[in-house]
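**Student:** So here's protein_30.txt (compact mmCIF, C-alpha atoms).
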```txt
# COMPACT_ATOMS: atom_id res chain seq x y z
CA MET D 1 13.58 12.63 -20.59
CA SER D 2 16.48 11.58 -22.76
CA THR D 3 18.28 8.26 -22.74
CA ALA D 4 21.38 10.01 -21.49
CA ALA D 5 19.51 11.42 -18.54
CA VAL D 6 18.04 8.04 -17.71
CA GLY D 7 21.24 6.11 -18.02
CA THR D 8 21.70 2.43 -18.65
CA PRO D 9 19.74 -0.34 -16.92
CA GLY D 10 22.95 -1.64 -15.37
CA SER D 11 23.77 1.59 -13.50
CA PRO D 12 22.22 1.48 -10.00
CA ARG D 13 23.09 5.12 -9.30
CA ARG D 14 21.40 6.37 -12.47
CA TYR D 15 18.50 4.02 -11.91
CA LEU D 16 17.88 5.45 -8.43
CA HIS D 17 18.27 9.00 -9.75
CA SER D 18 15.72 8.32 -12.47
CA LEU D 19 13.41 6.64 -9.98
CA TRP D 20 13.45 9.74 -7.82
CA LEU D 21 12.86 12.05 -10.77
CA LEU D 22 9.88 10.04 -12.00
CA SER D 23 8.36 9.78 -8.51
CA ALA D 24 8.86 13.49 -7.89
CA ARG D 25 7.20 14.22 -11.23
CA ASP D 26 4.18 12.12 -10.26
CA LEU D 27 3.83 13.96 -6.96
CA LYS D 28 4.28 17.36 -8.59
CA VAL D 29 1.60 16.64 -11.17
CA ARG D 30 -0.77 15.28 -8.52
CA TYR D 31 -0.46 18.28 -6.21
CA SER D 32 -0.01 21.08 -8.75
CA THR D 33 -3.30 20.23 -10.49
CA SER D 34 -5.27 20.25 -7.22
CA ALA D 35 -6.40 23.33 -5.34
CA LEU D 36 -5.90 21.60 -1.98
CA GLY D 37 -2.64 19.93 -2.99
CA TYR D 38 -0.98 18.14 -0.06
CA LEU D 39 -4.15 18.38 2.03
CA TRP D 40 -5.70 15.60 -0.06
CA SER D 41 -3.17 13.20 1.48
CA ILE D 42 -4.76 14.02 4.83
CA LEU D 43 -8.40 14.69 3.91
CA ASP D 44 -9.01 11.48 1.98
CA PRO D 45 -8.09 9.03 4.80
CA LEU D 46 -9.51 11.41 7.39
CA VAL D 47 -12.97 11.43 5.76
CA MET D 48 -12.90 7.64 5.29
CA SER D 49 -11.93 7.15 8.93
CA ALA D 50 -14.65 9.52 10.12
CA ILE D 51 -17.30 7.63 8.14
CA TYR D 52 -16.32 4.19 9.44
CA TRP D 53 -15.88 5.51 12.99
CA PHE D 54 -19.37 7.05 12.91
CA VAL D 55 -21.00 3.93 11.48
CA PHE D 56 -19.33 1.49 13.88
CA THR D 57 -19.49 3.58 17.04
CA GLN D 58 -22.54 5.80 16.71
CA VAL D 59 -24.94 3.92 14.41
CA PHE D 60 -24.20 0.27 15.18
CA GLN D 61 -23.02 -1.40 18.36
CA ARG D 62 -19.44 -2.31 17.53
CA THR D 63 -18.04 -5.67 18.65
CA VAL D 64 -14.75 -5.60 16.74
CA GLY D 65 -11.43 -3.84 17.15
CA HIS D 66 -9.97 -2.13 20.22
CA GLU D 67 -10.35 1.18 21.98
CA PRO D 68 -9.78 3.89 20.95
CA TYR D 69 -11.42 2.60 17.78
CA ILE D 70 -10.50 5.63 15.67
CA VAL D 71 -6.78 4.92 16.23
CA PHE D 72 -7.33 1.20 15.62
CA LEU D 73 -9.06 2.07 12.36
CA ILE D 74 -6.57 4.64 11.07
CA THR D 75 -3.50 2.46 11.70
CA ALA D 76 -4.79 0.06 9.03
CA LEU D 77 -6.77 2.48 6.86
CA LEU D 78 -3.76 4.67 6.02
CA PRO D 79 -1.62 1.78 4.72
CA TRP D 80 -4.69 0.42 2.93
CA VAL D 81 -4.99 3.73 1.04
CA TRP D 82 -1.33 3.33 0.02
CA PHE D 83 -1.94 -0.25 -1.09
CA ASN D 84 -5.18 0.51 -2.95
CA ALA D 85 -3.79 3.58 -4.75
CA ALA D 86 -0.60 1.80 -5.80
CA VAL D 87 -2.32 -1.34 -7.12
CA SER D 88 -4.85 0.79 -9.01
CA ASP D 89 -2.00 2.69 -10.69
CA PHE D 90 -0.15 -0.53 -11.54
CA THR D 91 -2.87 -1.29 -14.09
CA ARG D 92 -1.76 1.78 -16.09
CA ALA D 93 1.95 1.71 -15.26
CA PHE D 94 3.10 0.98 -18.82
CA LYS D 95 0.20 2.24 -20.90
CA LYS D 96 0.33 5.71 -19.35
CA ASP D 97 3.90 6.34 -20.57
CA ALA D 98 4.05 3.83 -23.42
CA ARG D 99 6.27 5.98 -25.67
CA LEU D 100 8.79 6.61 -22.91
CA VAL D 101 8.79 2.93 -21.90
CA ARG D 102 9.61 1.91 -25.48
CA SER D 103 12.17 4.58 -26.31
CA THR D 104 14.46 4.73 -23.28
CA ALA D 105 17.18 2.35 -22.13
CA ILE D 106 15.88 2.46 -18.57
CA ALA D 107 15.11 -0.81 -16.78
CA ARG D 108 11.34 -1.25 -17.17
CA SER D 109 10.82 -2.22 -13.53
CA ILE D 110 11.21 1.47 -12.71
CA TRP D 111 7.66 2.14 -13.96
CA VAL D 112 6.40 -0.07 -11.14
CA ASN D 113 8.89 1.10 -8.52
CA ARG D 114 8.09 4.78 -9.10
CA ILE D 115 4.44 4.12 -8.19
CA VAL D 116 5.39 2.31 -4.99
CA LEU D 117 7.72 5.17 -4.03
CA SER D 118 5.38 8.07 -4.86
CA LYS D 119 2.40 6.45 -3.12
CA GLY D 120 4.65 5.57 -0.19
CA ILE D 121 5.63 9.22 0.17
CA GLU D 122 1.94 10.15 0.17
CA PHE D 123 1.46 7.57 2.94
CA LEU D 124 4.20 9.21 5.00
CA CYS D 125 2.55 12.58 4.42
CA SER D 126 -0.71 11.20 5.84
CA LEU D 127 0.82 9.97 9.11
CA PRO D 128 0.14 13.30 10.92
CA VAL D 129 -3.52 12.18 10.91
CA LEU D 130 -2.57 9.11 12.97
CA ALA D 131 -0.34 11.14 15.29
CA LEU D 132 -3.15 13.66 15.87
CA PHE D 133 -5.66 11.04 16.96
CA VAL D 134 -3.12 9.26 19.15
CA VAL D 135 -2.54 12.55 20.98
CA ILE D 136 -6.28 13.27 21.22
CA SER D 137 -6.93 9.78 22.59
CA GLN D 138 -4.66 10.52 25.57
CA PHE D 139 -7.42 12.75 26.95
CA SER D 140 -10.09 10.03 26.62
CA GLU D 141 -11.12 7.22 28.95
CA ALA D 142 -9.33 4.66 26.76
CA PRO D 143 -6.09 6.24 25.51
CA ALA D 144 -3.93 4.57 22.87
CA GLN D 145 -0.89 2.88 24.38
CA VAL D 146 2.39 3.89 22.78
CA GLY D 147 4.81 1.03 23.40
CA TRP D 148 7.86 -0.82 22.11
CA GLY D 149 5.83 -2.17 19.20
CA LEU D 150 6.08 1.23 17.54
CA LEU D 151 9.61 0.19 16.53
CA LEU D 152 7.99 -2.37 14.21
CA PHE D 153 6.24 0.36 12.22
CA PRO D 154 9.17 0.64 9.75
CA VAL D 155 9.18 -3.17 9.44
CA ALA D 156 5.52 -3.01 8.39
CA MET D 157 6.41 -0.37 5.80
CA LEU D 158 9.24 -2.53 4.47
CA LEU D 159 7.00 -5.59 4.14
CA GLN D 160 4.30 -3.54 2.44
CA THR D 161 6.89 -2.19 0.00
CA VAL D 162 8.05 -5.74 -0.79
CA LEU D 163 4.44 -6.87 -1.28
CA LEU D 164 3.59 -3.94 -3.56
CA LEU D 165 6.72 -4.45 -5.66
CA GLY D 166 5.76 -8.08 -6.19
CA ILE D 167 2.14 -7.27 -7.06
CA GLY D 168 3.22 -4.43 -9.35
CA LEU D 169 5.60 -6.65 -11.29
CA LEU D 170 2.69 -9.06 -11.79
CA VAL D 171 -0.16 -6.66 -12.50
CA ALA D 172 1.59 -4.08 -14.72
CA PRO D 173 2.64 -6.41 -17.56
CA LEU D 174 -0.49 -8.58 -17.35
CA CYS D 175 -2.74 -5.53 -17.74
CA VAL D 176 -0.95 -4.64 -20.98
CA LEU D 177 -1.50 -8.12 -22.43
CA TRP D 178 -5.04 -8.57 -21.08
CA THR D 179 -6.88 -5.25 -20.86
CA ASP D 180 -9.86 -6.72 -18.97
CA LEU D 181 -7.59 -7.18 -15.95
CA ASP D 182 -7.84 -3.43 -15.33
CA ARG D 183 -11.50 -3.69 -14.30
CA THR D 184 -10.97 -7.07 -12.68
CA THR D 185 -8.28 -5.58 -10.44
CA LYS D 186 -10.68 -2.86 -9.26
CA LEU D 187 -13.27 -5.48 -8.32
CA ILE D 188 -10.67 -7.54 -6.47
CA LEU D 189 -9.58 -4.48 -4.50
CA ARG D 190 -13.16 -3.85 -3.37
CA VAL D 191 -13.47 -7.41 -2.11
CA LEU D 192 -9.99 -7.36 -0.56
CA PHE D 193 -10.83 -4.32 1.56
CA TYR D 194 -13.46 -6.29 3.47
CA ALA D 195 -11.38 -9.47 3.38
CA SER D 196 -8.52 -7.64 5.13
CA PRO D 197 -8.51 -6.62 8.82
CA VAL D 198 -9.03 -2.90 8.31
CA ILE D 199 -12.28 -2.29 10.20
CA TYR D 200 -11.79 -5.38 12.37
CA GLY D 201 -8.95 -7.45 13.79
CA VAL D 202 -7.92 -10.99 12.85
CA GLU D 203 -8.93 -12.18 16.32
CA ASN D 204 -12.49 -11.01 15.63
CA LEU D 205 -12.92 -13.58 12.85
CA PRO D 206 -14.76 -16.80 13.66
CA GLY D 207 -13.23 -20.27 13.50
CA ALA D 208 -11.44 -21.21 10.30
CA PHE D 209 -11.64 -17.65 8.96
CA GLU D 210 -9.06 -16.56 11.54
CA THR D 211 -6.65 -19.20 10.23
CA LEU D 212 -7.35 -18.27 6.61
CA ALA D 213 -6.71 -14.59 7.39
CA ALA D 214 -3.04 -15.39 7.99
CA PHE D 215 -2.69 -16.18 4.29
CA ASN D 216 -3.63 -12.62 3.43
CA PRO D 217 -0.26 -10.78 3.65
CA LEU D 218 -2.05 -7.58 4.63
CA SER D 219 -3.17 -9.20 7.89
CA GLY D 220 0.39 -9.49 9.18
CA ILE D 221 1.33 -6.07 7.85
CA PHE D 222 -1.62 -4.35 9.53
CA ALA D 223 -0.86 -6.20 12.77
CA LEU D 224 2.67 -4.75 12.72
CA TYR D 225 1.32 -1.25 12.16
CA ARG D 226 -1.07 -1.65 15.09
CA VAL D 227 1.09 -3.41 17.64
CA GLY D 228 2.75 -0.14 18.68
CA PHE D 229 -0.61 1.07 20.01
CA PHE D 230 -2.38 -2.24 20.66
CA PRO D 231 0.04 -4.87 22.07
CA GLU D 232 -2.65 -7.56 21.81
CA GLU D 233 -2.35 -7.35 18.03
CA TRP D 234 1.00 -9.16 18.22
CA ASP D 235 0.46 -12.55 16.50
CA PRO D 236 3.69 -14.33 15.44
CA TRP D 237 1.78 -16.81 13.23
CA VAL D 238 -0.09 -14.17 11.24
CA ILE D 239 2.93 -11.88 10.97
CA GLY D 240 5.34 -14.70 10.08
CA VAL D 241 3.13 -16.19 7.37
CA GLY D 242 2.44 -12.73 6.00
CA ALA D 243 6.17 -11.91 5.77
CA ILE D 244 6.93 -15.16 3.95
CA LEU D 245 4.11 -14.52 1.48
CA CYS D 246 5.33 -10.97 0.80
CA PHE D 247 8.74 -12.22 -0.32
CA ALA D 248 7.20 -15.17 -2.19
CA ILE D 249 4.98 -12.76 -4.16
CA LEU D 250 8.00 -10.58 -4.89
CA GLY D 251 9.90 -13.61 -6.21
CA LEU D 252 6.94 -14.62 -8.37
CA GLY D 253 6.59 -11.05 -9.62
CA VAL D 254 10.25 -10.84 -10.66
CA TRP D 255 10.00 -14.16 -12.53
CA VAL D 256 6.77 -13.22 -14.34
CA PHE D 257 8.06 -9.75 -15.19
CA ARG D 258 11.19 -11.13 -16.82
CA ARG D 259 9.14 -13.60 -18.85
CA LEU D 260 6.64 -10.98 -20.04
CA GLU D 261 8.84 -7.92 -20.55
CA ARG D 262 9.51 -8.60 -24.23
CA PRO D 263 5.87 -9.41 -25.15
CA VAL D 264 4.78 -6.26 -23.32
CA LEU D 265 7.16 -4.07 -25.35
CA LYS D 266 5.79 -5.56 -28.56
CA GLU D 267 2.23 -4.86 -27.41
CA LEU D 268 3.02 -1.25 -26.52
```
For this file, write the structure as structure tokens.
**Tutor:**
Amino acid sequence: MSTAAVGTPGSPRRYLHSLWLLSARDLKVRYSTSALGYLWSILDPLVMSAIYWFVFTQVFQRTVGHEPYIVFLITALLPWVWFNAAVSDFTRAFKKDARLVRSTAIARSIWVNRIVLSKGIEFLCSLPVLALFVVISQFSEAPAQVGWGLLLFPVAMLLQTVLLLGIGLLVAPLCVLWTDLDRTTKLILRVLFYASPVIYGVENLPGAFETLAAFNPLSGIFALYRVGFFPEEWDPWVIGVGAILCFAILGLGVWVFRRLERPVLKEL
């Protein structure tokens, strides 16, 4: 990709065009090198959901979540896959295309934004899994309720995008300067999965843990994804605190990125 094709950092139109080209390239490479292609966007979360559903409904007596549990699970598991995949890729955002990062006049934030966009498109491609189980649940004893809260689904996506942009602007440059952060990030993601209300709800947490959960931005985001099917998931405190933290992390990410951009280019 030439500098002319990329354009200058100050041109929003060229920036967006380049962002789309880079994201499309990522998706093309991902699907063209796989025999199943697009199906992986569905199979991966589907298998994960099936495992957790089996363990918590057939093996153990479940006391968390709401019925139908498979819908409750998938509404958080799908966005978690988006979050986990994006943060994992942030650790290699600059190192993967180091030569291109150094040689073009493109604004360097695009190497973070392209990951958020491409993984977000994969998330959208996985939503038929959720729709399928919502439809299937209508023939069960405890069907999923489709209500007004479904209008908040795009709001949840927006907040998750803001959160990921902030985290990406933090993680990407730091992983160039401190290579050990790559492995550390993977460990944090493993812990964060169980520290986030994916297989359970915030209301299932005991005592002070329920209050602490509000300071995990994913808690409010997952609540917004779920409220369209489970009205009892509406929690203004958790959602409000989560939204504030998303924008605070974005602000911190922008500040850190600007401070570290030059040292990162020297390191690359």
**Student:** When distances are computed from only C-alpha atoms, which of D:Val176, D:Ile51, D:Leu78, D:Val29 shows the smallest separation from Pro263 in chain D?
**Tutor:** D:Val176
**Student:** Figure out the distance between CA of Asp97 in chain D and CA of Ile115 in chain D, please, to one decimal in Å.
**Tutor:**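 Separating CA of Ile115 in chain D from CA of Asp97 in chain D is a distance of 12.6 Å.
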**Student:** For a quick check of understanding, using all atoms listed in the file, which of D:Ala86, D:Leu187, D:Leu165, D:Val59 has the smallest distance to Ala248 in chain D?
**Tutor:**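 With all atoms listed in the file as the atom set, the closest residue is D:Leu165.
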**Student:** Could you name the residues that touch range 24-26 of chain D at 12 Å or less, counting only C-alpha atoms, but leaving out those on the same chain fewer than 3 positions away, as a PDB file with C-alpha atoms, keeping the file's coordinate frame?
**Tutor:**
```pdb
ATOM      1  CA  MET D   1      13.580  12.630 -20.590  1.00  0.00           C
ATOM      2  CA  HIS D  17      18.270   9.000  -9.750  1.00  0.00           C
ATOM      3  CA  SER D  18      15.720   8.320 -12.470  1.00  0.00           C
ATOM      4  CA  LEU D  19      13.410   6.640  -9.980  1.00  0.00           C
ATOM      5  CA  TRP D  20      13.450   9.740  -7.820  1.00  0.00           C
ATOM      6  CA  LEU D  21      12.860  12.050 -10.770  1.00  0.00           C
ATOM      7  CA  VAL D  29       1.600  16.640 -11.170  1.00  0.00           C
ATOM      8  CA  ARG D  30      -0.770  15.280  -8.520  1.00  0.00           C
ATOM      9  CA  TYR D  31      -0.460  18.280  -6.210  1.00  0.00           C
ATOM     10  CA  SER D  32      -0.010  21.080  -8.750  1.00  0.00           C
ATOM     11  CA  THR D  33      -3.300  20.230 -10.490  1.00  0.00           C
ATOM     12  CA  ASP D  89      -2.000   2.690 -10.690  1.00  0.00           C
ATOM     13  CA  ALA D  93       1.950   1.710 -15.260  1.00  0.00           C
ATOM     14  CA  LYS D  96       0.330   5.710 -19.350  1.00  0.00           C
ATOM     15  CA  ASP D  97       3.900   6.340 -20.570  1.00  0.00           C
ATOM     16  CA  TRP D 111       7.660   2.140 -13.960  1.00  0.00           C
ATOM     17  CA  ARG D 114       8.090   4.780  -9.100  1.00  0.00           C
ATOM     18  CA  ILE D 115       4.440   4.120  -8.190  1.00  0.00           C
ATOM     19  CA  VAL D 116       5.390   2.310  -4.990  1.00  0.00           C
ATOM     20  CA  LEU D 117       7.720   5.170  -4.030  1.00  0.00           C
ATOM     21  CA  SER D 118       5.380   8.070  -4.860  1.00  0.00           C
ATOM     22  CA  LYS D 119       2.400   6.450  -3.120  1.00  0.00           C
ATOM     23  CA  GLY D 120       4.650   5.570  -0.190  1.00  0.00           C
ATOM     24  CA  ILE D 121       5.630   9.220   0.170  1.00  0.00           C
ATOM     25  CA  GLU D 122       1.940  10.150   0.170  1.00  0.00           C
TER      26      GLU D 122
END
```
**Student:** Please produce, as a tab-separated table, a per-residue contact table for range 212-253 of chain D versus range 258-261 of chain D (criterion: any atom at most 12 Å away, only C-alpha atoms considered), showing the nearest atom pair and its distance in Å to one decimal, sorted by chain then residue number.
**Tutor:**
```
residue	atom	partner	partner_atom	distance
D:Gly251	CA	D:Arg258	CA	11.0
D:Leu252	CA	D:Arg258	CA	10.1
D:Gly253	CA	D:Arg258	CA	8.5
```
**Student:** Which neighbours of Arg262 in chain D fall inside 12 Å, counting only C-alpha atoms, when residues of the same chain fewer than 4 positions from it are skipped, and could you give them as a list in words?
**Tutor:** Val101, Arg102, Arg108, Pro173, Val176, Leu177, Val256, Phe257, Arg258, Lys266, Glu267 and Leu268 of chain D
**Student:** Nearest to Thr184 in chain D among D:Val87, D:Ala213, D:Ala208, D:Leu73, with distances taken over all atoms listed in the file: which residue is it?
**Tutor:**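 Answer, going by the shortest atom-to-atom distance: D:Val87.
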**Student:** Quick one, how far is CA of Gly201 in chain D from CA of Glu67 in chain D?
**Tutor:** 12.0 Å
**Student:** Between D:Phe139, D:Tyr200, D:Phe90, D:Tyr225, single out the one closest to Ala172 in chain D, counting all atoms listed in the file.
**Tutor:**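 Looking only at the distances to Ala172 in chain D, the closest residue turns out to be D:Phe90.
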**Student:** Just the residues within 7 Å of Ile42 in chain D, please, counting all atoms listed in the file, with nothing from its chain fewer than 4 positions along; format it as a list in words.
**Tutor:** Leu46, Ser126 and Val129 of chain D
